[in-house]
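Enquirer: Here's a structure for you.
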Amino acid sequence: MYLGSVRFVTRGSGTWRSTTFDHTRRKPEHVEHSYGGVGVDLSVKTLATLSNGKTFPAVKAYRKAKSKIAHLQRSVSRKFKGSNNRKKAILKLQKAHYRVASIRNDATHKLTIYLAKNHSEVVIEDLNVSGMLKNHRLAQAIADGGFYEFRRQLEYKCQWYDSKLTVVDRFFPSSKTCSHCGHVRKGLKLSDRTFVCPRCGFFLDRDWNAAINLALAGSSPVSACGASHKRNSAGRMRRSRKRTPDAGSTSSRVWICLTLGKFLRADKSQY
Ligand SMILES: [Zn+2]
């Protein structure tokens with residue numbers, strides 16, 4: 001890897017930052033991926049839910065700083081135009097915005113690096129971000145989650161770490177499909193946080209179920225519960241009792257594996 005020249009950029013918040021950037025396209029590094037394919041479901045409640053049960057909490061940086069930013073904005077508008085006090089107030093407001101962007105960026109970088117480095121295939125949904133932003137009730141949460149930036153970073157980081165990025169069609173019903181039997185449940189509302197399958201009785205956290213469906217749509221074998229899954233042509237999962245370390249997770253949610261017929265807690269102690 002060749003590191004090019006150093007350039008100086010201002011962030012508009014009174015700080016100068018030096019940025020070293022790469023002149024050439026970075027070649028893929030050979031990384032031994034610890035795990036196989038993983039499905040990633042982005043949602044408003046959590047930053048991301050993975051098909052192995054691991055969750056990354058949402059940072060909600062803007063929501064937390066919203067009242068402070070509103071206060072600083074009012075402070076700017078009360079000052080005389082062209083005055084030094086106004087300049088100082090603008091600087092404070094810019095710093096608050098910069099802090100929000102930095103917190104959001106940090107969380108997205110950590111997540112995308114983790115995915116590209118550890119998984120040989122990352123499966124995500126082709127989210128219609130501009131369309132979703134038109135929904136005013138969700139717009140702020142979606143913008144706060146940095147969905148567009150997440151995909152942009154994944155695209156180049158998967159190249160860096162020689163991982164495969166699979167983007168599933170936006171009309172794929174990942175949330176409405178039962179990850180166990182393949183039944184598509186109609187009429188699932190956004191407020192339904194648990195997916196319950198009317199056909200086989202399987203139930204699971206909504207985002208986790210969607211992430212498993214995304215993983216199954218990829219080309220790599222997936223493991224979420226100790227059983228290795230891959231959906232066959234009839235829509236049902238093929239079954240295997242092979243266990244892989246990929247099943248480890250830091251989440252403590254419970255899921256019921258109908259393939260193995262037992263309750264499992266998605267933490268490392270089970271595997
Ligand atoms: Zn089902």
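Letters A, B, ... go to the chains of the structure tokens in the order shown; residues in each chain start at 1; ligands are counted from 1 in the same order.
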Show me which residues sit within 9 Å of ligand 1 when counting only C-alpha atoms and all ligand atoms, and put them as a PyMOL selection string.
Expert: chain A and resi 177-185+196-203+236
Enquirer: For the residues selected in the previous step, produce a file with C-alpha atoms as a PDB file, in the first residue's frame.
Expert:
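Just written: part.pdb:
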```pdb
ATOM      1  CA  THR A 177     -40.457 -14.306   5.435  1.00  0.00           C
ATOM      2  CA  CYS A 178     -40.206 -17.060   8.037  1.00  0.00           C
ATOM      3  CA  SER A 179     -36.511 -17.907   8.273  1.00  0.00           C
ATOM      4  CA  HIS A 180     -37.413 -21.462   9.217  1.00  0.00           C
ATOM      5  CA  CYS A 181     -40.010 -22.615   6.663  1.00  0.00           C
ATOM      6  CA  GLY A 182     -39.917 -19.835   4.037  1.00  0.00           C
ATOM      7  CA  HIS A 183     -43.581 -18.846   4.476  1.00  0.00           C
ATOM      8  CA  VAL A 184     -44.229 -15.185   3.604  1.00  0.00           C
ATOM      9  CA  ARG A 185     -46.452 -13.562   6.187  1.00  0.00           C
ATOM     10  CA  VAL A 196     -44.477 -15.150  14.419  1.00  0.00           C
ATOM     11  CA  CYS A 197     -44.971 -17.627  11.597  1.00  0.00           C
ATOM     12  CA  PRO A 198     -48.640 -18.622  11.144  1.00  0.00           C
ATOM     13  CA  ARG A 199     -47.604 -21.785   9.308  1.00  0.00           C
ATOM     14  CA  CYS A 200     -44.949 -23.416  11.498  1.00  0.00           C
ATOM     15  CA  GLY A 201     -45.232 -21.427  14.745  1.00  0.00           C
ATOM     16  CA  PHE A 202     -41.614 -20.284  14.649  1.00  0.00           C
ATOM     17  CA  PHE A 203     -41.043 -16.957  16.357  1.00  0.00           C
ATOM     18  CA  ARG A 236     -37.594 -25.230   3.601  1.00  0.00           C
TER      19      ARG A 236
END
```
Enquirer: If we count only C-alpha atoms, what is near region 95-105 of chain A at a cut-off of 7 Å, once residues fewer than 6 positions away on the same chain are taken out, given as a list in words?
Expert: Ser13, Val59, Ala61, Tyr62 and Ile69 of chain A
Enquirer: Would you export the selected residues with N, CA and C atoms as an mmCIF file, in the first residue's frame, please?
Expert:
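Written output follows (part.cif):
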```cif
data_model
loop_
_atom_site.group_PDB
_atom_site.id
_atom_site.type_symbol
_atom_site.label_atom_id
_atom_site.label_comp_id
_atom_site.auth_asym_id
_atom_site.auth_seq_id
_atom_site.Cartn_x
_atom_site.Cartn_y
_atom_site.Cartn_z
ATOM 1 N N SER A 13 -15.423 23.938 11.772
ATOM 2 C CA SER A 13 -15.749 24.106 13.180
ATOM 3 C C SER A 13 -14.541 24.661 13.914
ATOM 4 N N VAL A 59 -26.531 4.513 17.811
ATOM 5 C CA VAL A 59 -25.903 5.580 18.596
ATOM 6 C C VAL A 59 -26.835 6.781 18.768
ATOM 7 N N ALA A 61 -26.921 9.723 17.614
ATOM 8 C CA ALA A 61 -26.121 10.886 18.001
ATOM 9 C C ALA A 61 -26.908 12.185 17.884
ATOM 10 N N TYR A 62 -27.669 12.321 16.784
ATOM 11 C CA TYR A 62 -28.394 13.575 16.583
ATOM 12 C C TYR A 62 -29.514 13.721 17.604
ATOM 13 N N ILE A 69 -28.368 21.469 20.112
ATOM 14 C CA ILE A 69 -28.220 22.111 18.805
ATOM 15 C C ILE A 69 -29.298 23.179 18.604
#
```
Enquirer: Within 7 Å of Arg170 (chain A), counting only C-alpha atoms, which residues qualify if same-chain residues fewer than 6 places away don't, as a PyMOL selection string?
Expert: chain A and resi 125-127
Enquirer: I need the residues in region 82-206 of chain A that are alpha helix (DSSP H) according to DSSP; give them as JSON, numbers by chain.
Expert: {"A": [84, 85, 86, 87, 88, 89, 90, 91, 92, 93, 94, 95, 96, 97, 98, 99, 100, 101, 102, 103, 104, 105, 106, 107, 108, 109, 110, 111, 112, 113, 114, 115, 116, 117, 118, 129, 130, 131, 132, 133, 136, 137, 138, 139, 140, 141, 142, 143, 144, 145, 147, 148, 149, 150, 151, 152, 153, 154, 155, 156, 157, 158, 159, 160, 206]}
Enquirer: Can you tell me how far CA of Leu111 (chain A) sits from CA of Phe172 (chain A), in Å to one decimal?
Expert: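 So the two atoms, CA of Leu111 (chain A) and CA of Phe172 (chain A), lie 23.4 Å apart.
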Enquirer: Leaving out Ile124 (chain A) and any residue of its chain fewer than 3 positions from it, which residues lie within 7 Å of it when counting only C-alpha atoms, given as a list in words?
Expert: Gly39, Val40, Asp41, Thr166, Val167, Val168 and Leu214 of chain A
Enquirer: Residues of region 28-124 of chain A in strand (DSSP E) according to DSSP, as a ChimeraX atom specification?
Expert: /A:35-41,46-50,55-57,119-124
Enquirer: Return the single residue from A:Leu154, A:Leu204, A:Val31, A:Leu42 that is closest to Ala58 (chain A), with distances computed using only C-alpha atoms.
Expert: A:Leu42
Enquirer: One number please: CA of Lys88 (chain A) to CA of Gln73 (chain A), in Å, one decimal.
Expert: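 These atoms are spaced 12.0 Å apart.
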